[in-house]
file target34.pdb (PDB, C-alpha atoms)
ATOM      1  CA  MET A1068     -16.592   2.440 -11.724  1.00  0.00           C
ATOM      2  CA  THR A1069     -13.766   4.731 -12.822  1.00  0.00           C
ATOM      3  CA  CYS A1070     -11.338   6.252 -10.337  1.00  0.00           C
ATOM      4  CA  THR A1071     -10.450   9.897 -11.015  1.00  0.00           C
ATOM      5  CA  GLY A1072      -7.726  10.458  -8.425  1.00  0.00           C
ATOM      6  CA  PHE A1073      -6.569  10.102  -4.824  1.00  0.00           C
ATOM      7  CA  ASP A1074      -9.615  11.778  -3.289  1.00  0.00           C
ATOM      8  CA  ASP A1075     -11.980   9.633  -5.313  1.00  0.00           C
ATOM      9  CA  ALA A1076     -10.099   6.436  -4.406  1.00  0.00           C
ATOM     10  CA  CYS A1077     -10.143   7.256  -0.693  1.00  0.00           C
ATOM     11  CA  GLN A1078     -13.865   7.994  -0.798  1.00  0.00           C
ATOM     12  CA  MET A1079     -14.418   4.570  -2.404  1.00  0.00           C
ATOM     13  CA  ILE A1080     -12.368   2.922   0.349  1.00  0.00           C
ATOM     14  CA  GLU A1081     -14.313   4.706   3.076  1.00  0.00           C
ATOM     15  CA  ARG A1082     -17.669   3.787   1.525  1.00  0.00           C
ATOM     16  CA  SER A1083     -16.576   0.168   1.041  1.00  0.00           C
ATOM     17  CA  LEU A1084     -15.540  -0.146   4.673  1.00  0.00           C
ATOM     18  CA  ARG A1085     -18.827   1.286   5.923  1.00  0.00           C
ATOM     19  CA  HIS A1086     -20.693  -1.096   3.610  1.00  0.00           C
ATOM     20  CA  ALA A1087     -18.654  -4.048   4.914  1.00  0.00           C
ATOM     21  CA  LEU A1088     -19.519  -3.133   8.501  1.00  0.00           C
ATOM     22  CA  LYS A1089     -23.210  -2.972   7.648  1.00  0.00           C
ATOM     23  CA  THR A1090     -23.145  -6.221   5.655  1.00  0.00           C
ATOM     24  CA  ASN A1091     -21.485  -8.062   8.540  1.00  0.00           C
ATOM     25  CA  ASP A1092     -23.873  -6.588  11.132  1.00  0.00           C
ATOM     26  CA  GLU A1093     -21.067  -4.678  12.826  1.00  0.00           C
ATOM     27  CA  PRO A1094     -21.742  -1.337  14.537  1.00  0.00           C
ATOM     28  CA  VAL A1095     -20.846   1.738  12.503  1.00  0.00           C
ATOM     29  CA  ASP A1096     -18.318   2.729  15.176  1.00  0.00           C
ATOM     30  CA  ALA A1097     -16.567  -0.657  15.284  1.00  0.00           C
ATOM     31  CA  PRO A1098     -12.802  -0.129  15.816  1.00  0.00           C
ATOM     32  CA  LEU A1099     -10.786  -0.652  12.640  1.00  0.00           C
ATOM     33  CA  VAL A1100      -7.112  -1.143  11.862  1.00  0.00           C
ATOM     34  CA  LEU A1101      -6.254  -0.354   8.250  1.00  0.00           C
ATOM     35  CA  VAL A1102      -3.539  -2.333   6.444  1.00  0.00           C
ATOM     36  CA  GLY A1103      -2.255  -1.314   3.023  1.00  0.00           C
ATOM     37  CA  TYR A1104       0.481  -2.472   0.654  1.00  0.00           C
ATOM     38  CA  SER A1105       2.265  -0.362  -1.987  1.00  0.00           C
ATOM     39  CA  LEU A1106      -0.461   1.646  -3.788  1.00  0.00           C
ATOM     40  CA  GLY A1107      -2.922   0.630  -1.076  1.00  0.00           C
ATOM     41  CA  ALA A1108      -0.477   1.962   1.505  1.00  0.00           C
ATOM     42  CA  ARG A1109      -0.163   5.256  -0.353  1.00  0.00           C
ATOM     43  CA  LEU A1110      -3.936   5.620  -0.532  1.00  0.00           C
ATOM     44  CA  LEU A1111      -4.295   4.939   3.189  1.00  0.00           C
ATOM     45  CA  MET A1112      -1.632   7.515   4.022  1.00  0.00           C
ATOM     46  CA  TYR A1113      -3.310  10.060   1.753  1.00  0.00           C
ATOM     47  CA  GLY A1114      -6.740   9.393   3.234  1.00  0.00           C
ATOM     48  CA  LEU A1115      -5.397   9.680   6.783  1.00  0.00           C
ATOM     49  CA  SER A1116      -3.528  12.873   5.943  1.00  0.00           C
ATOM     50  CA  THR A1117      -6.628  14.510   4.451  1.00  0.00           C
ATOM     51  CA  SER A1118      -9.095  13.246   7.095  1.00  0.00           C
ATOM     52  CA  GLN A1119     -11.130  11.389   4.483  1.00  0.00           C
ATOM     53  CA  PHE A1120     -11.497   8.418   6.825  1.00  0.00           C
ATOM     54  CA  ALA A1121     -12.852  10.601   9.650  1.00  0.00           C
ATOM     55  CA  PRO A1122     -16.305   8.867   9.640  1.00  0.00           C
ATOM     56  CA  LEU A1123     -14.574   5.603  10.621  1.00  0.00           C
ATOM     57  CA  ASN A1124     -13.410   4.629  14.102  1.00  0.00           C
ATOM     58  CA  LEU A1125      -9.781   4.044  13.196  1.00  0.00           C
ATOM     59  CA  VAL A1126      -7.533   2.814  15.986  1.00  0.00           C
ATOM     60  CA  GLY A1127      -4.417   1.969  14.002  1.00  0.00           C
ATOM     61  CA  CYS A1128      -2.788   1.627  10.591  1.00  0.00           C
ATOM     62  CA  VAL A1129      -0.084  -0.629   9.152  1.00  0.00           C
ATOM     63  CA  ILE A1130       1.814   0.418   6.033  1.00  0.00           C
ATOM     64  CA  GLU A1131       3.656  -2.221   4.000  1.00  0.00           C
ATOM     65  CA  GLY A1132       6.163  -0.775   1.544  1.00  0.00           C
ATOM     66  CA  GLY A1133       4.420   2.554   0.917  1.00  0.00           C
ATOM     67  CA  ASN A1134       6.154   5.530  -0.702  1.00  0.00           C
ATOM     68  CA  PHE A1135       5.662   8.823   1.153  1.00  0.00           C
ATOM     69  CA  GLY A1136       6.105  10.932  -1.980  1.00  0.00           C
ATOM     70  CA  LEU A1137       8.741  12.111  -4.460  1.00  0.00           C
ATOM     71  CA  GLN A1138      11.038  14.949  -3.517  1.00  0.00           C
ATOM     72  CA  SER A1139      11.562  16.858  -6.776  1.00  0.00           C
ATOM     73  CA  ASP A1140       9.769  17.900  -9.958  1.00  0.00           C
ATOM     74  CA  GLU A1141      12.372  15.983 -11.958  1.00  0.00           C
ATOM     75  CA  LEU A1142      11.557  12.735 -10.149  1.00  0.00           C
ATOM     76  CA  ARG A1143       7.828  13.361 -10.545  1.00  0.00           C
ATOM     77  CA  LYS A1144       8.192  13.945 -14.298  1.00  0.00           C
ATOM     78  CA  LYS A1145      10.283  10.779 -14.648  1.00  0.00           C
ATOM     79  CA  ARG A1146       7.732   8.731 -12.712  1.00  0.00           C
ATOM     80  CA  TYR A1147       4.837  10.155 -14.736  1.00  0.00           C
ATOM     81  CA  LYS A1148       6.484   9.102 -17.997  1.00  0.00           C
ATOM     82  CA  ALA A1149       7.193   5.614 -16.652  1.00  0.00           C
ATOM     83  CA  ASP A1150       3.622   5.163 -15.408  1.00  0.00           C
ATOM     84  CA  LYS A1151       2.268   6.403 -18.721  1.00  0.00           C
ATOM     85  CA  ARG A1152       4.320   3.800 -20.603  1.00  0.00           C
ATOM     86  CA  TRP A1153       3.014   1.022 -18.354  1.00  0.00           C
ATOM     87  CA  ALA A1154      -0.563   2.306 -18.677  1.00  0.00           C
ATOM     88  CA  LYS A1155      -0.319   2.233 -22.465  1.00  0.00           C
ATOM     89  CA  ARG A1156       0.888  -1.354 -22.333  1.00  0.00           C
ATOM     90  CA  PHE A1157      -1.902  -2.421 -19.975  1.00  0.00           C
ATOM     91  CA  GLU A1158      -4.434  -0.888 -22.350  1.00  0.00           C
ATOM     92  CA  SER A1159      -3.089  -2.450 -25.536  1.00  0.00           C
ATOM     93  CA  GLU A1160      -1.306  -5.740 -24.711  1.00  0.00           C
ATOM     94  CA  PRO A1161      -2.387  -9.069 -23.161  1.00  0.00           C
ATOM     95  CA  ILE A1162      -2.527  -8.494 -19.440  1.00  0.00           C
ATOM     96  CA  ALA A1163      -0.598 -11.645 -18.487  1.00  0.00           C
ATOM     97  CA  GLN A1164       2.261 -10.579 -20.761  1.00  0.00           C
ATOM     98  CA  VAL A1165       2.447  -7.100 -19.235  1.00  0.00           C
ATOM     99  CA  LEU A1166       2.221  -8.441 -15.690  1.00  0.00           C
ATOM    100  CA  GLY A1167       5.042 -10.861 -16.477  1.00  0.00           C
ATOM    101  CA  ASP A1168       7.232  -7.878 -17.332  1.00  0.00           C
ATOM    102  CA  TRP A1169       5.869  -5.820 -14.425  1.00  0.00           C
ATOM    103  CA  TYR A1170       7.073  -8.357 -11.888  1.00  0.00           C
ATOM    104  CA  GLN A1171      10.522  -8.412 -13.482  1.00  0.00           C
ATOM    105  CA  GLN A1172      11.177  -4.880 -12.199  1.00  0.00           C
ATOM    106  CA  ASP A1173      14.055  -4.479  -9.733  1.00  0.00           C
ATOM    107  CA  VAL A1174      11.725  -3.830  -6.801  1.00  0.00           C
ATOM    108  CA  PHE A1175      10.389  -7.402  -7.188  1.00  0.00           C
ATOM    109  CA  SER A1176      13.809  -9.039  -7.614  1.00  0.00           C
ATOM    110  CA  SER A1177      13.507 -11.068  -4.394  1.00  0.00           C
ATOM    111  CA  LEU A1178      10.500 -13.001  -5.713  1.00  0.00           C
ATOM    112  CA  ASN A1179      11.221 -16.516  -6.934  1.00  0.00           C
ATOM    113  CA  ASN A1180       9.695 -17.842 -10.154  1.00  0.00           C
ATOM    114  CA  GLU A1181       6.850 -19.588  -8.361  1.00  0.00           C
ATOM    115  CA  GLN A1182       5.889 -16.452  -6.413  1.00  0.00           C
ATOM    116  CA  ARG A1183       6.143 -14.324  -9.531  1.00  0.00           C
ATOM    117  CA  GLN A1184       3.920 -16.660 -11.535  1.00  0.00           C
ATOM    118  CA  TYR A1185       1.414 -16.799  -8.677  1.00  0.00           C
ATOM    119  CA  LEU A1186       1.079 -13.004  -8.773  1.00  0.00           C
ATOM    120  CA  VAL A1187       0.753 -12.921 -12.560  1.00  0.00           C
ATOM    121  CA  THR A1188      -1.978 -15.566 -12.460  1.00  0.00           C
ATOM    122  CA  LYS A1189      -3.770 -13.855  -9.573  1.00  0.00           C
ATOM    123  CA  ARG A1190      -3.778 -10.434 -11.259  1.00  0.00           C
ATOM    124  CA  SER A1191      -4.576 -11.623 -14.782  1.00  0.00           C
ATOM    125  CA  GLY A1192      -8.296 -11.566 -14.068  1.00  0.00           C
ATOM    126  CA  ASN A1193      -8.209  -7.767 -13.953  1.00  0.00           C
ATOM    127  CA  LEU A1194      -9.084  -5.550 -16.904  1.00  0.00           C
ATOM    128  CA  GLY A1195      -6.037  -3.991 -18.481  1.00  0.00           C
ATOM    129  CA  SER A1196      -7.906  -0.751 -19.169  1.00  0.00           C
ATOM    130  CA  ALA A1197      -8.972  -0.512 -15.519  1.00  0.00           C
ATOM    131  CA  LEU A1198      -5.403  -1.055 -14.330  1.00  0.00           C
ATOM    132  CA  ALA A1199      -4.210   1.617 -16.743  1.00  0.00           C
ATOM    133  CA  ASN A1200      -6.793   4.066 -15.424  1.00  0.00           C
ATOM    134  CA  MET A1201      -5.918   3.385 -11.787  1.00  0.00           C
ATOM    135  CA  LEU A1202      -2.199   3.618 -12.491  1.00  0.00           C
ATOM    136  CA  MET A1203      -2.551   7.101 -13.970  1.00  0.00           C
ATOM    137  CA  ALA A1204      -5.214   8.346 -11.538  1.00  0.00           C
ATOM    138  CA  THR A1205      -3.050   7.475  -8.522  1.00  0.00           C
ATOM    139  CA  SER A1206       0.415   7.852 -10.020  1.00  0.00           C
ATOM    140  CA  LEU A1207       3.133   8.561  -7.475  1.00  0.00           C
ATOM    141  CA  SER A1208       3.961  11.581  -9.639  1.00  0.00           C
ATOM    142  CA  LYS A1209       0.652  13.161  -8.510  1.00  0.00           C
ATOM    143  CA  GLN A1210       0.979  12.330  -4.819  1.00  0.00           C
ATOM    144  CA  PRO A1211       2.012  15.011  -2.300  1.00  0.00           C
ATOM    145  CA  ASP A1212       4.714  14.300   0.266  1.00  0.00           C
ATOM    146  CA  LEU A1213       2.806  12.644   3.112  1.00  0.00           C
ATOM    147  CA  LEU A1214       5.611  11.884   5.571  1.00  0.00           C
ATOM    148  CA  GLU A1215       5.177  14.812   7.974  1.00  0.00           C
ATOM    149  CA  SER A1216       1.453  14.242   8.395  1.00  0.00           C
ATOM    150  CA  ILE A1217       1.994  10.510   8.983  1.00  0.00           C
ATOM    151  CA  GLN A1218       4.734  11.249  11.530  1.00  0.00           C
ATOM    152  CA  ALA A1219       2.313  13.464  13.454  1.00  0.00           C
ATOM    153  CA  LEU A1220      -0.627  11.050  13.273  1.00  0.00           C
ATOM    154  CA  ARG A1221      -1.905   9.569  16.525  1.00  0.00           C
ATOM    155  CA  PHE A1222      -4.781   7.172  17.086  1.00  0.00           C
ATOM    156  CA  LYS A1223      -6.465   6.282  20.372  1.00  0.00           C
ATOM    157  CA  GLN A1224      -4.136   5.232  23.184  1.00  0.00           C
ATOM    158  CA  ASP A1225      -1.486   7.369  21.401  1.00  0.00           C
ATOM    159  CA  THR A1226      -0.955   4.548  18.888  1.00  0.00           C
ATOM    160  CA  THR A1227       1.179   5.451  15.863  1.00  0.00           C
ATOM    161  CA  VAL A1228       1.357   4.078  12.338  1.00  0.00           C
ATOM    162  CA  LEU A1229       3.481   0.935  11.952  1.00  0.00           C
ATOM    163  CA  TYR A1230       5.644   0.688   8.825  1.00  0.00           C
ATOM    164  CA  LEU A1231       6.703  -2.774   7.597  1.00  0.00           C
ATOM    165  CA  CYS A1232       9.246  -3.654   4.920  1.00  0.00           C
ATOM    166  CA  GLY A1233      11.432  -6.569   3.851  1.00  0.00           C
ATOM    167  CA  GLU A1234      15.138  -6.729   4.653  1.00  0.00           C
ATOM    168  CA  HIS A1235      16.021  -7.136   0.964  1.00  0.00           C
ATOM    169  CA  ASP A1236      13.818  -4.223  -0.134  1.00  0.00           C
ATOM    170  CA  THR A1237      16.660  -1.698  -0.193  1.00  0.00           C
ATOM    171  CA  LYS A1238      14.594   1.242  -1.431  1.00  0.00           C
ATOM    172  CA  PHE A1239      11.778   0.980   1.074  1.00  0.00           C
ATOM    173  CA  ARG A1240      13.991  -0.122   3.936  1.00  0.00           C
ATOM    174  CA  THR A1241      15.948   3.102   3.447  1.00  0.00           C
ATOM    175  CA  LEU A1242      12.705   5.101   3.415  1.00  0.00           C
ATOM    176  CA  ALA A1243      11.668   3.410   6.666  1.00  0.00           C
ATOM    177  CA  GLU A1244      15.019   4.022   8.365  1.00  0.00           C
ATOM    178  CA  HIS A1245      14.871   7.752   7.596  1.00  0.00           C
ATOM    179  CA  SER A1246      11.165   8.185   8.286  1.00  0.00           C
ATOM    180  CA  GLN A1247      11.295   8.539  12.087  1.00  0.00           C
ATOM    181  CA  LEU A1248       8.252   6.254  12.145  1.00  0.00           C
ATOM    182  CA  ASN A1249       7.742   3.106  14.159  1.00  0.00           C
ATOM    183  CA  TYR A1250       9.028   0.536  11.667  1.00  0.00           C
ATOM    184  CA  GLN A1251       9.950  -3.133  11.547  1.00  0.00           C
ATOM    185  CA  VAL A1252      12.099  -4.999   9.020  1.00  0.00           C
ATOM    186  CA  LEU A1253      10.989  -8.552   8.188  1.00  0.00           C
ATOM    187  CA  GLY A1254      13.681 -11.087   7.424  1.00  0.00           C
ATOM    188  CA  ASN A1255      14.173 -12.970   4.159  1.00  0.00           C
ATOM    189  CA  ALA A1256      11.713 -10.792   2.224  1.00  0.00           C
ATOM    190  CA  GLY A1257      11.746  -8.096  -0.418  1.00  0.00           C
ATOM    191  CA  HIS A1258       8.987  -5.685  -1.468  1.00  0.00           C
ATOM    192  CA  ASN A1259       6.185  -8.289  -1.377  1.00  0.00           C
ATOM    193  CA  VAL A1260       6.411  -9.233   2.289  1.00  0.00           C
ATOM    194  CA  HIS A1261       2.844 -10.555   2.348  1.00  0.00           C
ATOM    195  CA  VAL A1262       3.687 -13.000  -0.474  1.00  0.00           C
ATOM    196  CA  GLU A1263       7.209 -13.956   0.598  1.00  0.00           C
ATOM    197  CA  GLN A1264       6.676 -14.147   4.369  1.00  0.00           C
ATOM    198  CA  PRO A1265       2.907 -14.287   5.041  1.00  0.00           C
ATOM    199  CA  GLU A1266       3.187 -15.970   8.452  1.00  0.00           C
ATOM    200  CA  GLN A1267       5.832 -13.535   9.647  1.00  0.00           C
ATOM    201  CA  LEU A1268       3.665 -10.632   8.472  1.00  0.00           C
ATOM    202  CA  ALA A1269       0.589 -12.048  10.207  1.00  0.00           C
ATOM    203  CA  ILE A1270       2.501 -12.280  13.489  1.00  0.00           C
ATOM    204  CA  ARG A1271       3.594  -8.630  13.237  1.00  0.00           C
ATOM    205  CA  LEU A1272       0.029  -7.520  12.516  1.00  0.00           C
ATOM    206  CA  LYS A1273      -1.341  -9.566  15.425  1.00  0.00           C
ATOM    207  CA  ASN A1274       1.271  -8.125  17.791  1.00  0.00           C
ATOM    208  CA  TYR A1275       0.537  -4.565  16.665  1.00  0.00           C
ATOM    209  CA  ILE A1276      -3.165  -5.007  17.289  1.00  0.00           C
ATOM    210  CA  GLU A1277      -2.799  -6.755  20.647  1.00  0.00           C
ATOM    211  CA  GLN A1278      -0.011  -4.601  22.079  1.00  0.00           C
ATOM    212  CA  ASN A1279      -0.820  -1.145  20.799  1.00  0.00           C
ATOM    213  CA  VAL A1280      -4.497  -0.971  19.919  1.00  0.00           C
ATOM    214  CA  ALA A1281      -7.392  -1.071  22.390  1.00  0.00           C
ATOM    215  CA  LEU A1282      -9.815  -3.388  20.633  1.00  0.00           C
ATOM    216  CA  GLY A1283     -11.325  -4.771  23.806  1.00  0.00           C
ATOM    217  CA  GLY A1284     -10.208  -8.380  23.467  1.00  0.00           C
ATOM    218  CA  THR A1285      -7.614 -10.787  22.174  1.00  0.00           C
ATOM    219  CA  ILE A1286      -7.325 -11.652  18.486  1.00  0.00           C
ATOM    220  CA  ASN A1287      -7.934 -15.354  17.884  1.00  0.00           C
TER     221      ASN A1287
END
call {"tool": "encode", "arguments": {"input": "target34.pdb", "output": "C-alpha cells"}}
result
Amino acid sequence: MTCTGFDDACQMIERSLRHALKTNDEPVDAPLVLVGYSLGARLLMYGLSTSQFAPLNLVGCVIEGGNFGLQSDELRKKRYKADKRWAKRFESEPIAQVLGDWYQQDVFSSLNNEQRQYLVTKRSGNLGSALANMLMATSLSKQPDLLESIQALRFKQDTTVLYLCGEHDTKFRTLAEHSQLNYQVLGNAGHNVHVEQPEQLAIRLKNYIEQNVALGGTIN
C-alpha cells in the first residue's frame, strides 16, 4: 500500500488502530494513549491537529522527539532537497548500506556502535522503495507548523500532550524548552530515547498514564 501524504498516513493509522481494537476484542470506544517517535510523532501531531483521529477515544498522547514544523521557505526547500537525496539512495542502493549512513547523521551521534548496528539490522528488512516513498510523502518540508494546535490540545481530565526528549539531543531539547508544552528530558540519551534508555522511557510513559489519564485502573 502506497502512502500519498500526511492525510493518507493518518487515515491508515486510524484504520489500523480500529482494526487492532476489533482483533483484540476491545470495545470501539476503548481509551487510547498514542505514542509516537520522530516521523511517527509528526504524524500523530498532524492527525490530532486535523481531527483525523476523532473516531477514536483518545485520552492522551506522548511525543518523542517530534518536529513541530519548519519556520521558513528556505528551510523547507533545504529539507526537501535533503530528503530527495536520501530517497534516491534508498531506491537505488542496498538498504543496509544506506541505513548505515543514515544513522551516522549528527542527530544520532549519541548512539554507540552496538545500538547503531541494532537499528540497521532491524530496519534492513524494509523495502528501500517503500522507505523512499514514505520519506517524500511525509517530508518535513511538506508539514505545516503544528505547535499552536498541539499547545491548545486537551484530552479528557484536561490532560495535555507530553513531550519527551533526550538530554543530549540538543536540537529537540531546544524545541521542547521553547514549546510551552509539558515536557520531560531523559538523562543519558540522545534522539533515540527508546533505544538508549528504554526502561527510563517506559517509566515516564507509565507515570503519564497513571497520573494524568483516566483509564479506570492501574497499569500492570
call {"tool": "closest_residue", "arguments": {"input": "target34.pdb", "among": "A:Asn1259, A:Ser1216, A:Asn1091, A:Asn1134", "to": "Ser1118 of chain A", "atoms": "only C-alpha atoms"}}
result
A:Ser1216
call {"tool": "residues_around", "arguments": {"input": "target34.pdb", "residues": "Leu1111 of chain A", "least_positions_apart": "3", "cutoff": "9 Å", "atoms": "only C-alpha atoms", "output": "ChimeraX atom specification"}}
result
/A:1077,1080,1101-1103,1106-1108,1114-1116,1120,1128,1130
call {"tool": "residues_around", "arguments": {"input": "target34.pdb", "residues": "segment 1243-1247 of chain A", "least_positions_apart": "5", "cutoff": "10 Å", "atoms": "all atoms listed in the file", "output": "PyMOL selection string"}}
result
chain A and resi 1132-1135+1214-1215+1217-1218+1230-1232+1237-1238+1252
call {"tool": "residues_around", "arguments": {"input": "target34.pdb", "residues": "segment 1202-1211 of chain A", "least_positions_apart": "3", "cutoff": "12 Å", "atoms": "all atoms listed in the file", "output": "MDAnalysis selection string"}}
result
chainID A and resid 1069:1077 1105:1110 1112:1114 1116:1117 1133:1158 1195:1199 1214:1216
call {"tool": "residues_around", "arguments": {"input": "target34.pdb", "residues": "segment 1265-1282 of chain A", "least_positions_apart": "5", "cutoff": "9 Å", "atoms": "only C-alpha atoms", "output": "PDB file with C-alpha atoms, in the frame of the given file"}}
result
ATOM      1  CA  PRO A1098     -12.802  -0.129  15.816  1.00  0.00           C
ATOM      2  CA  LEU A1099     -10.786  -0.652  12.640  1.00  0.00           C
ATOM      3  CA  VAL A1100      -7.112  -1.143  11.862  1.00  0.00           C
ATOM      4  CA  VAL A1102      -3.539  -2.333   6.444  1.00  0.00           C
ATOM      5  CA  VAL A1126      -7.533   2.814  15.986  1.00  0.00           C
ATOM      6  CA  GLY A1127      -4.417   1.969  14.002  1.00  0.00           C
ATOM      7  CA  VAL A1129      -0.084  -0.629   9.152  1.00  0.00           C
ATOM      8  CA  PHE A1222      -4.781   7.172  17.086  1.00  0.00           C
ATOM      9  CA  LYS A1223      -6.465   6.282  20.372  1.00  0.00           C
ATOM     10  CA  GLN A1224      -4.136   5.232  23.184  1.00  0.00           C
ATOM     11  CA  ASP A1225      -1.486   7.369  21.401  1.00  0.00           C
ATOM     12  CA  THR A1226      -0.955   4.548  18.888  1.00  0.00           C
ATOM     13  CA  THR A1227       1.179   5.451  15.863  1.00  0.00           C
ATOM     14  CA  LEU A1229       3.481   0.935  11.952  1.00  0.00           C
ATOM     15  CA  LEU A1231       6.703  -2.774   7.597  1.00  0.00           C
ATOM     16  CA  GLN A1251       9.950  -3.133  11.547  1.00  0.00           C
ATOM     17  CA  LEU A1253      10.989  -8.552   8.188  1.00  0.00           C
ATOM     18  CA  GLY A1254      13.681 -11.087   7.424  1.00  0.00           C
ATOM     19  CA  VAL A1260       6.411  -9.233   2.289  1.00  0.00           C
TER      20      VAL A1260
END
call {"tool": "closest_residue", "arguments": {"input": "target34.pdb", "among": "A:Leu1123, A:Ile1162, A:Val1262, A:Leu1088", "to": "Arg1183 of chain A", "atoms": "only C-alpha atoms"}}
result
A:Val1262
call {"tool": "residues_around", "arguments": {"input": "target34.pdb", "residues": "Asp1173 of chain A", "least_positions_apart": "4", "cutoff": "10 Å", "atoms": "all atoms listed in the file", "output": "PyMOL selection string"}}
result
chain A and resi 1169+1177+1236+1258
call {"tool": "write_last_selection", "arguments": {"input": "target34.pdb", "atoms": "C-alpha atoms", "output": "PDB file, in the coordinates of the input"}}
result
ATOM      1  CA  TRP A1169       5.869  -5.820 -14.425  1.00  0.00           C
ATOM      2  CA  SER A1177      13.507 -11.068  -4.394  1.00  0.00           C
ATOM      3  CA  ASP A1236      13.818  -4.223  -0.134  1.00  0.00           C
ATOM      4  CA  HIS A1258       8.987  -5.685  -1.468  1.00  0.00           C
TER       5      HIS A1258
END
